[in-house]
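Next comes data-v9.tsv, with TSV, C-alpha atoms and all ligand atoms.
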chain	number	residue	atom	x	y	z
T	26	MET	CA	0.00	0.00	0.00
T	27	ILE	CA	3.02	2.25	0.43
T	28	ALA	CA	3.76	3.87	-2.92
T	29	ARG	CA	7.50	4.03	-2.30
T	30	ALA	CA	7.75	0.31	-1.69
T	31	MET	CA	5.91	-0.46	-4.91
T	32	SER	CA	8.01	-2.90	-6.91
T	33	ALA	CA	8.66	-2.27	-10.58
T	34	ASP	CA	6.48	-5.28	-11.28
T	35	THR	CA	3.38	-3.97	-9.59
T	36	LEU	CA	3.98	-0.55	-11.00
T	37	ALA	CA	4.13	-1.97	-14.54
T	38	GLN	CA	0.99	-3.98	-13.91
T	39	ARG	CA	-0.93	-1.05	-12.55
T	40	LEU	CA	0.30	1.11	-15.40
T	41	LEU	CA	-0.92	-1.40	-17.97
T	42	GLU	CA	-4.29	-1.38	-16.23
T	43	GLY	CA	-4.39	2.37	-16.82
T	44	ASP	CA	-3.94	3.42	-13.19
T	45	ARG	CA	-3.37	7.18	-13.15
T	46	ARG	CA	-1.19	7.26	-10.05
T	47	ALA	CA	1.02	4.54	-11.46
T	48	LEU	CA	1.26	6.55	-14.67
T	49	ALA	CA	2.21	9.73	-12.81
T	50	ARG	CA	4.86	7.90	-10.80
T	51	ALA	CA	6.21	6.16	-13.89
T	52	ILE	CA	6.59	9.44	-15.78
T	53	SER	CA	8.42	10.96	-12.80
T	54	LEU	CA	10.85	8.05	-12.88
T	55	VAL	CA	11.72	8.57	-16.54
T	56	GLU	CA	11.79	12.33	-16.09
T	57	ASP	CA	14.34	11.93	-13.30
T	58	ASP	CA	16.30	9.50	-15.49
T	59	ARG	CA	16.02	6.80	-12.84
T	60	PRO	CA	17.02	3.23	-13.74
T	61	GLU	CA	13.59	2.01	-12.56
T	62	GLY	CA	12.06	4.23	-15.21
T	63	TRP	CA	14.01	2.60	-18.02
T	64	GLU	CA	13.25	-0.82	-16.53
T	65	LEU	CA	9.57	0.01	-16.53
T	66	VAL	CA	9.58	1.15	-20.14
T	67	ARG	CA	11.40	-2.07	-21.05
T	68	GLU	CA	8.63	-4.07	-19.41
T	69	VAL	CA	5.67	-2.28	-20.91
T	70	TYR	CA	7.13	-1.55	-24.35
T	71	PRO	CA	5.53	-4.62	-26.00
T	72	HIS	CA	2.17	-3.09	-25.06
T	73	THR	CA	2.78	0.18	-26.89
T	74	GLY	CA	2.04	1.21	-30.44
T	75	SER	CA	-1.72	1.64	-30.40
T	76	ALA	CA	-1.99	5.28	-29.32
T	77	ALA	CA	-2.56	7.90	-32.00
T	78	VAL	CA	0.12	10.48	-31.22
T	79	VAL	CA	-0.53	14.01	-32.42
T	80	GLY	CA	2.06	16.74	-31.91
T	81	PHE	CA	0.95	20.37	-31.69
T	82	THR	CA	3.76	22.80	-32.30
T	83	GLY	CA	3.93	26.54	-32.87
T	84	PRO	CA	5.05	29.82	-31.31
T	85	PRO	CA	4.04	30.73	-27.74
T	86	GLY	CA	0.64	32.30	-27.35
T	87	VAL	CA	-0.95	31.07	-30.59
T	88	GLY	CA	-3.39	28.94	-28.60
T	89	LYS	CA	-1.91	25.42	-28.61
T	90	SER	CA	-3.03	24.62	-25.06
T	91	THR	CA	-6.49	26.04	-25.67
T	92	LEU	CA	-6.70	24.04	-28.88
T	93	ILE	CA	-5.59	20.82	-27.18
T	94	ALA	CA	-8.19	21.40	-24.47
T	95	ALA	CA	-10.88	21.79	-27.14
T	96	VAL	CA	-9.74	18.75	-29.15
T	97	THR	CA	-9.56	16.76	-25.89
T	98	ARG	CA	-13.17	17.72	-25.18
T	99	ALA	CA	-14.19	16.50	-28.64
T	100	ARG	CA	-12.31	13.23	-28.27
T	101	ARG	CA	-13.76	12.64	-24.80
T	102	ASN	CA	-17.24	13.18	-26.21
T	103	ALA	CA	-16.41	10.47	-28.74
T	104	GLY	CA	-15.51	8.18	-25.83
T	105	ARG	CA	-11.73	8.16	-26.33
T	106	SER	CA	-9.22	8.32	-23.50
T	107	VAL	CA	-6.66	11.08	-23.78
T	108	GLY	CA	-3.15	11.80	-22.54
T	109	VAL	CA	-1.60	15.25	-22.85
T	110	LEU	CA	2.12	15.98	-22.59
T	111	SER	CA	3.03	19.62	-22.47
T	112	ILE	CA	6.73	20.18	-23.06
T	113	ASP	CA	8.31	23.51	-22.34
T	114	PRO	CA	12.07	23.47	-21.89
T	115	SER	CA	12.11	27.26	-21.99
T	116	SER	CA	10.75	27.47	-18.49
T	117	PRO	CA	12.79	25.07	-16.39
T	118	PHE	CA	12.34	27.10	-13.22
T	119	THR	CA	9.25	29.23	-13.47
T	120	GLN	CA	6.06	27.37	-13.94
T	121	GLY	CA	4.69	30.39	-15.79
T	122	ALA	CA	3.79	28.90	-19.14
T	123	LEU	CA	2.82	25.64	-17.54
T	124	LEU	CA	0.55	27.39	-15.10
T	125	GLY	CA	-1.25	28.98	-18.04
T	126	ASP	CA	-1.57	25.57	-19.66
T	127	ARG	CA	-2.96	24.17	-16.44
T	128	ILE	CA	-5.64	26.83	-16.36
T	129	ARG	CA	-6.59	26.17	-19.97
T	130	LEU	CA	-6.73	22.45	-19.40
T	131	SER	CA	-8.29	22.69	-15.94
T	132	GLU	CA	-11.79	21.63	-17.04
T	133	HIS	CA	-10.28	18.18	-17.69
T	134	PHE	CA	-8.53	17.72	-14.35
T	135	LEU	CA	-11.33	15.78	-12.71
T	136	ASP	CA	-11.97	13.59	-15.73
T	137	GLN	CA	-10.41	10.15	-15.23
T	138	GLY	CA	-10.31	9.78	-19.00
T	139	VAL	CA	-7.80	12.60	-19.35
T	140	PHE	CA	-4.23	12.53	-18.06
T	141	ILE	CA	-2.27	15.77	-18.27
T	142	ARG	CA	1.42	16.15	-17.60
T	143	SER	CA	3.82	19.04	-18.04
T	144	MET	CA	7.50	18.42	-18.53
T	145	ALA	CA	10.16	21.10	-18.35
T	146	ASN	CA	13.01	19.23	-16.74
T	147	ARG	CA	16.08	19.43	-18.88
T	148	GLY	CA	18.46	18.63	-16.07
T	149	ALA	CA	18.00	14.88	-16.40
T	150	LEU	CA	21.02	13.18	-17.91
T	151	GLY	CA	19.02	11.60	-20.68
T	152	GLY	CA	17.75	14.96	-21.85
T	153	LEU	CA	14.25	16.28	-22.17
T	154	SER	CA	13.43	14.81	-25.54
T	155	GLU	CA	14.35	11.30	-24.39
T	156	ALA	CA	12.30	11.66	-21.22
T	157	ALA	CA	9.36	12.99	-23.21
T	158	LEU	CA	9.50	10.10	-25.63
T	159	GLN	CA	9.57	7.62	-22.77
T	160	ALA	CA	6.63	9.45	-21.19
T	161	ALA	CA	4.69	9.18	-24.44
T	162	LEU	CA	5.38	5.44	-24.49
T	163	LEU	CA	4.11	5.15	-20.91
T	164	LEU	CA	0.87	6.97	-21.83
T	165	ASP	CA	0.51	4.61	-24.77
T	166	ALA	CA	1.11	1.54	-22.57
T	167	ALA	CA	-1.43	2.84	-20.06
T	168	GLY	CA	-4.03	2.64	-22.81
T	169	ARG	CA	-4.44	6.30	-23.71
T	170	GLU	CA	-5.98	6.15	-27.17
T	171	ASP	CA	-5.07	9.70	-28.09
T	172	VAL	CA	-1.81	11.28	-26.98
T	173	PHE	CA	-1.39	15.00	-27.59
T	174	VAL	CA	2.06	16.51	-27.29
T	175	GLU	CA	2.46	20.27	-27.05
T	176	THR	CA	5.76	21.98	-27.78
T	177	VAL	CA	6.92	25.46	-28.63
T	178	GLY	CA	8.45	24.96	-32.05
T	179	VAL	CA	12.01	25.87	-31.16
T	180	GLY	CA	15.02	23.89	-30.03
T	181	GLN	CA	16.35	20.51	-31.05
T	182	ALA	CA	14.71	18.62	-28.19
T	183	GLU	CA	11.31	19.76	-29.34
T	184	ILE	CA	11.93	18.95	-32.97
T	185	ASP	CA	13.04	15.48	-31.87
T	186	ILE	CA	9.85	14.97	-29.90
T	187	ILE	CA	7.54	16.28	-32.56
T	188	ASP	CA	9.21	14.00	-35.10
T	189	HIS	CA	7.86	11.07	-33.14
T	190	ALA	CA	4.25	12.13	-33.57
T	191	ASP	CA	2.17	10.23	-36.11
T	192	THR	CA	0.57	13.51	-37.09
T	193	VAL	CA	2.17	16.94	-36.75
T	194	VAL	CA	-0.03	20.00	-36.41
T	195	LEU	CA	1.53	23.43	-36.82
T	196	VAL	CA	-0.52	26.04	-34.97
T	197	LEU	CA	-0.24	29.65	-36.07
T	198	MET	CA	-2.29	32.77	-35.60
T	199	PRO	CA	-2.92	35.72	-37.88
T	200	GLY	CA	0.21	37.81	-37.91
T	201	SER	CA	2.67	34.92	-37.36
T	202	GLY	CA	4.83	36.32	-40.15
T	203	ASP	CA	8.03	34.79	-38.77
T	204	SER	CA	6.59	31.33	-39.09
T	205	ILE	CA	5.61	31.91	-42.70
T	206	GLN	CA	9.16	33.03	-43.41
T	207	ALA	CA	10.53	29.95	-41.63
T	208	LEU	CA	8.29	27.66	-43.68
T	209	LYS	CA	9.25	29.47	-46.87
T	210	ALA	CA	12.96	29.21	-46.10
T	211	GLY	CA	12.61	25.52	-45.33
T	212	ILE	CA	13.83	26.10	-41.75
T	213	MET	CA	10.55	24.69	-40.52
T	214	GLU	CA	9.46	21.34	-41.90
T	215	ILE	CA	6.08	21.24	-43.60
T	216	PRO	CA	3.64	19.76	-41.07
T	217	ASP	CA	0.70	17.43	-41.78
T	218	VAL	CA	-1.97	19.92	-40.78
T	219	ILE	CA	-1.81	23.69	-40.38
T	220	VAL	CA	-4.17	25.42	-37.97
T	221	ILE	CA	-4.76	29.14	-38.07
T	222	ASN	CA	-6.14	29.76	-34.61
T	223	LYS	CA	-7.72	33.01	-33.39
T	224	ALA	CA	-9.72	33.09	-36.61
T	225	ASP	CA	-11.75	35.86	-34.97
T	226	ASN	CA	-8.91	38.12	-36.13
T	227	PRO	CA	-9.71	40.07	-39.34
T	228	LEU	CA	-6.30	39.15	-40.82
T	229	THR	CA	-7.11	35.43	-40.82
T	230	ASP	CA	-7.92	35.07	-44.52
T	231	THR	CA	-4.80	37.00	-45.51
T	232	MET	CA	-2.82	34.56	-43.39
T	233	VAL	CA	-4.52	31.55	-45.02
T	234	ARG	CA	-3.68	32.94	-48.48
T	235	GLU	CA	-0.06	33.48	-47.50
T	236	ILE	CA	0.24	29.92	-46.21
T	237	ARG	CA	-1.39	28.55	-49.38
T	238	GLY	CA	1.22	30.48	-51.32
T	239	VAL	CA	4.07	28.99	-49.31
T	240	LEU	CA	2.67	25.47	-49.70
T	241	SER	CA	2.26	25.79	-53.46
T	242	LEU	CA	5.75	27.29	-53.72
T	243	ALA	CA	7.10	24.30	-51.85
T	244	GLY	CA	5.69	22.16	-54.67
T	245	PRO	CA	3.90	18.83	-54.52
T	246	GLU	CA	6.97	16.88	-53.36
T	247	ALA	CA	7.68	19.24	-50.51
T	248	VAL	CA	4.04	19.28	-49.48
T	249	SER	CA	4.04	15.51	-49.33
T	250	GLU	CA	7.44	15.22	-47.68
T	251	ARG	CA	5.97	13.77	-44.51
T	252	GLY	CA	3.48	11.47	-46.20
T	253	GLY	CA	3.18	10.79	-49.94
T	254	GLY	CA	0.18	12.30	-51.64
T	255	TRP	CA	-1.20	14.01	-48.55
T	256	ARG	CA	-2.28	17.58	-49.21
T	257	VAL	CA	-1.69	19.70	-46.13
T	258	PRO	CA	-5.04	21.12	-45.04
T	259	ILE	CA	-5.33	24.57	-43.49
T	260	VAL	CA	-7.95	24.68	-40.75
T	261	LYS	CA	-9.28	27.90	-39.25
T	262	THR	CA	-10.18	27.63	-35.56
T	263	GLU	CA	-11.27	29.74	-32.63
T	264	ALA	CA	-10.08	27.42	-29.93
T	265	ALA	CA	-11.30	29.64	-27.11
T	266	ARG	CA	-14.90	29.34	-28.40
T	267	GLY	CA	-14.62	25.81	-29.77
T	268	GLU	CA	-15.09	26.94	-33.39
T	269	GLY	CA	-13.58	24.79	-36.12
T	270	ILE	CA	-12.64	22.01	-33.72
T	271	ASP	CA	-14.86	19.39	-35.38
T	272	ALA	CA	-13.26	20.20	-38.73
T	273	LEU	CA	-9.81	19.88	-37.19
T	274	VAL	CA	-10.67	16.52	-35.60
T	275	GLU	CA	-11.92	15.33	-39.00
T	276	ARG	CA	-8.69	16.37	-40.69
T	277	LEU	CA	-6.69	14.58	-38.00
T	278	GLN	CA	-8.66	11.40	-38.58
T	279	GLU	CA	-8.32	11.71	-42.35
T	280	HIS	CA	-4.59	12.08	-41.96
T	281	ARG	CA	-4.43	8.98	-39.79
T	282	SER	CA	-6.46	6.98	-42.31
T	283	HIS	CA	-4.20	8.25	-45.07
T	284	ILE	CA	-0.95	7.21	-43.43
T	285	LEU	CA	-2.44	3.86	-42.37
T	286	ALA	CA	-3.71	3.09	-45.88
T	287	ALA	CA	-0.45	4.06	-47.54
T	288	GLY	CA	1.64	2.06	-45.05
T	289	GLN	CA	3.30	5.30	-44.07
T	290	LEU	CA	2.57	5.05	-40.40
T	291	ALA	CA	4.70	1.93	-40.14
T	292	GLU	CA	7.42	3.54	-42.24
T	293	ARG	CA	7.36	6.74	-40.24
T	294	ARG	CA	7.55	4.86	-36.96
T	295	ARG	CA	10.40	2.69	-38.22
T	296	ARG	CA	12.38	5.80	-39.17
T	297	ASN	CA	11.62	7.49	-35.84
T	298	LEU	CA	12.53	4.41	-33.81
T	299	ARG	CA	15.78	4.09	-35.72
T	300	ASN	CA	16.59	7.70	-34.80
T	301	GLU	CA	15.59	7.04	-31.22
T	302	VAL	CA	17.87	4.02	-30.88
T	303	LEU	CA	20.74	5.95	-32.43
T	304	SER	CA	20.23	9.02	-30.29
T	305	ILE	CA	20.09	7.04	-27.05
T	306	ALA	CA	23.20	5.12	-28.11
T	307	ALA	CA	24.99	8.35	-29.07
T	308	ALA	CA	24.05	10.03	-25.78
T	309	ARG	CA	25.36	7.05	-23.82
T	310	MET	CA	28.58	6.90	-25.82
T	311	ARG	CA	29.20	10.55	-25.18
T	312	ARG	CA	28.51	10.14	-21.50
T	313	ARG	CA	30.87	7.16	-21.34
T	314	LEU	CA	33.53	9.07	-23.24
T	315	GLU	CA	33.25	12.05	-20.91
T	316	GLU	CA	33.53	9.82	-17.86
T	317	ASP	CA	36.53	7.99	-19.29
T	318	LEU	CA	38.29	11.22	-20.18
T	319	ARG	CA	37.62	13.19	-17.03
T	320	GLU	CA	41.02	12.38	-15.54
T	321	ASP	CA	42.80	11.33	-18.69
T	322	ALA	CA	46.23	13.00	-18.94
T	323	GLU	CA	46.62	12.18	-22.62
T	324	PHE	CA	43.32	13.89	-23.38
T	325	GLN	CA	44.39	16.96	-21.40
T	326	ARG	CA	47.60	17.05	-23.40
T	327	LEU	CA	45.67	16.88	-26.70
T	328	LEU	CA	43.37	19.62	-25.50
T	329	GLU	CA	46.30	21.87	-24.61
T	330	GLN	CA	47.63	21.45	-28.14
T	331	VAL	CA	44.25	22.46	-29.56
T	332	VAL	CA	44.10	25.47	-27.24
T	333	ASP	CA	47.63	26.47	-28.30
T	334	ARG	CA	46.61	26.17	-31.97
T	335	ARG	CA	49.19	23.48	-32.59
T	336	LEU	CA	46.54	20.84	-33.35
T	337	ASP	CA	43.13	21.35	-34.94
T	338	PRO	CA	39.99	19.97	-33.22
T	339	ALA	CA	39.27	17.34	-35.87
T	340	SER	CA	42.78	15.88	-35.69
T	341	ALA	CA	42.51	15.82	-31.91
T	342	ALA	CA	39.24	13.89	-32.19
T	343	THR	CA	40.88	11.42	-34.58
T	344	ALA	CA	43.74	10.89	-32.14
T	345	LEU	CA	41.28	10.54	-29.28
T	346	LEU	CA	39.25	7.85	-31.04
T	347	ALA	CA	42.37	6.01	-32.15
T	348	ALA	CA	43.57	5.94	-28.54
T	349	ALA	CA	40.15	4.80	-27.31
T	350	GLY	CA	40.41	1.88	-29.72
B	401	LIG	N1	-9.00	35.78	-29.53
B	401	LIG	C1	-8.70	34.52	-29.33
B	401	LIG	N2	-7.88	34.18	-28.32
B	401	LIG	C2	-7.57	32.88	-28.14
B	401	LIG	C3	-8.08	31.87	-28.99
B	401	LIG	N3	-7.56	30.68	-28.58
B	401	LIG	C4	-6.79	30.95	-27.52
B	401	LIG	N4	-6.78	32.27	-27.24
B	401	LIG	C5	-6.06	32.95	-26.15
B	401	LIG	O1	-4.69	33.06	-26.48
B	401	LIG	C6	-3.90	33.04	-25.29
B	401	LIG	C7	-2.79	32.00	-25.43
B	401	LIG	O2	-3.37	30.70	-25.49
B	401	LIG	P1	-2.57	29.39	-25.12
B	401	LIG	O3	-3.48	28.24	-25.39
B	401	LIG	O4	-1.96	29.47	-23.78
B	401	LIG	O5	-1.40	29.43	-26.20
B	401	LIG	P2	-0.08	28.52	-26.29
B	401	LIG	O6	1.04	29.30	-25.69
B	401	LIG	O7	0.14	28.33	-27.76
B	401	LIG	O8	-0.36	27.24	-25.58
B	401	LIG	C8	-4.85	32.74	-24.16
B	401	LIG	O9	-5.13	33.94	-23.51
B	401	LIG	C9	-6.07	32.18	-24.86
B	401	LIG	O10	-7.25	32.40	-24.14
B	401	LIG	C10	-8.96	32.25	-30.05
B	401	LIG	O11	-9.44	31.44	-30.84
B	401	LIG	N5	-9.22	33.58	-30.17
B	402	MG	MG	0.65	26.27	-24.05

Would you write the structure of this file as structure tokens?
Amino acid sequence: MIARAMSADTLAQRLLEGDRRALARAISLVEDDRPEGWELVREVYPHTGSAAVVGFTGPPGVGKSTLIAAVTRARRNAGRSVGVLSIDPSSPFTQGALLGDRIRLSEHFLDQGVFIRSMANRGALGGLSEAALQAALLLDAAGREDVFVETVGVGQAEIDIIDHADTVVLVLMPGSGDSIQALKAGIMEIPDVIVINKADNPLTDTMVREIRGVLSLAGPEAVSERGGGWRVPIVKTEAARGEGIDALVERLQEHRSHILAAGQLAERRRRNLRNEVLSIAAARMRRRLEEDLREDAEFQRLLEQVVDRRLDPASAATALLAAAG
């Protein structure tokens, strides 16, 4: 009965049964990069893969949290269970942004069918994106049918996380000129669905036209880069009033059907899992290397040479790897 004494076994069992407290504890374990967390994921991993994971990305303040709250409401009305992961590495100390998210999602707090979790911890050794991916797996294992991941579309960790979504939704609002430029310049990958939220703004249609322009400029191949033959829909919403949410949910379902029919979901997941394995392996190799070299005199000597401009960094790395065997 004492939570702390809970063995990994029971925790896994309770998690698989969908127990919310087990889920909360499990996510804390992976967030803190605890060995029990990895052990748990190892145990429940065979039970993952059925959740529909949708990533919502976009600049702060466009209405992602409000939109997720509205989509969650729609999915709950359709009888689906929902998990929400809100990831904000920009606020590791203040809970400012997260507090706002909590308020916007507060109507769902008492609903057992909705599990909401904010993650901002980037201190964990494994890194935020790894922890977030593990957390998404745990939500999946706990039987959440829909998993919504919210990120501010900046930073590598967030791009890594959003890459793991089956469907990527870019949320913008009228006047998000920077985002249009980023799409145009190819800095931002073309998403699966574009939402123009705050459609109560008179500049909405101008924005929609601009986005259409960018998408047609990108050409059919670019438009389909994430999923052959899929035409990226632009959906106008007023998340705060629940306008356009049904249309958005329909587009999300159409996209899922599309990637399932074309075998792209499997392909996308294979590619993402390959990246995940490689990035965990790379992170561990780096960690091992750093530990091995902490007191290594030879490494210090190499470093001095680089500092003194007698040896370039690449040659030093070559020498380092040769010495490491
Ligand atoms: N006018 C208007 N405001 C909205 C709409 N949707 C959300 N907001 C407001 O925009 C602000 C930011 O919303 P939030 O969901 O926190 O944005 P996030 O930072 O992208 O998660 C909040 O004050 C919302 O109430 C909308 O459709 N119209
Ligand atoms: Mg938010």

For range 338-344 of chain T, I'd like the enclosing box, axis-aligned and padded by 3 Å on every side, reported as lines of an AutoDock Vina configuration file with centre and edge lengths in Å to one decimal.
center_x = 41.5
center_y = 15.4
center_z = -33.9
size_x = 10.5
size_y = 15.1
size_z = 10.0

**Study point:** Pick from T:Asp225, T:Asp165, T:Glu292, T:Glu175 nearest to Asp113 in chain T, counting only C-alpha atoms
**Key:**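 The closest residue to Asp113 in chain T is T:Glu175.
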
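If only C-alpha atoms are the atoms counted, then among T:Glu279, T:Asp44, T:Asp337, T:Asp271 the closest residue to Asn102 in chain T is T:Asp271.
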
Review point. What lies within 10 Å of Thr97 in chain T using all atoms listed in the file, ignoring chain neighbours under 3 positions off, as JSON, numbers by chain?
Key: {"T": [91, 92, 93, 94, 100, 101, 102, 103, 105, 106, 107, 108, 109, 130, 133, 138, 139, 171, 172, 173, 270, 274]}

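In this comparison, which uses only C-alpha atoms and all ligand atoms, the residue of T:Asp185, T:Gly83, T:Ala210, T:Glu323 approaching ligand MG 402 (chain B) most closely is T:Gly83.
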
Point to revise | Env. residues ligand LIG 401 (chain B) / 10 Å / all atoms listed in the file / as a PyMOL selection string | key: chain T and resi 81-95+111+113+122-130+175-178+196-198+221-226+261-269

Review point. For Ser304 in chain T, which residue among T:Leu158, T:Leu346, T:Ile187, T:Ile236 is the nearest when counting all atoms listed in the file?
Key: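 Smallest distance to Ser304 in chain T is found for T:Leu158.
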
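Minimum atom-to-atom distance to ligand MG 402 (chain B), evaluated using all atoms listed in the file, belongs to T:Val174 out of T:Val96, T:Leu273, T:Val174, T:Val79.
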
Practice item. Rank nothing, just name the residue among T:Ser143, T:Thr73, T:Gln159, T:Thr192 nearest to ligand MG 402 (chain B), using all atoms listed in the file. Key: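 So, comparing all the options, the nearest one is T:Ser143.
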
Review point. If you measure from CA of Gly168 in chain T to CA of Leu40 in chain T, what distance in Å do you get, rounded to one decimal?
Key: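 Atom-to-atom, CA of Gly168 in chain T and CA of Leu40 in chain T are spaced 8.7 Å apart.
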
Point to revise | Ref. answer, residues at most 10 Å from (18.6, 8.9, -28.0) with only C-alpha atoms, as an NGL selection string | key: :T and (151-152 or 154-156 or 158 or 185 or 298-309)
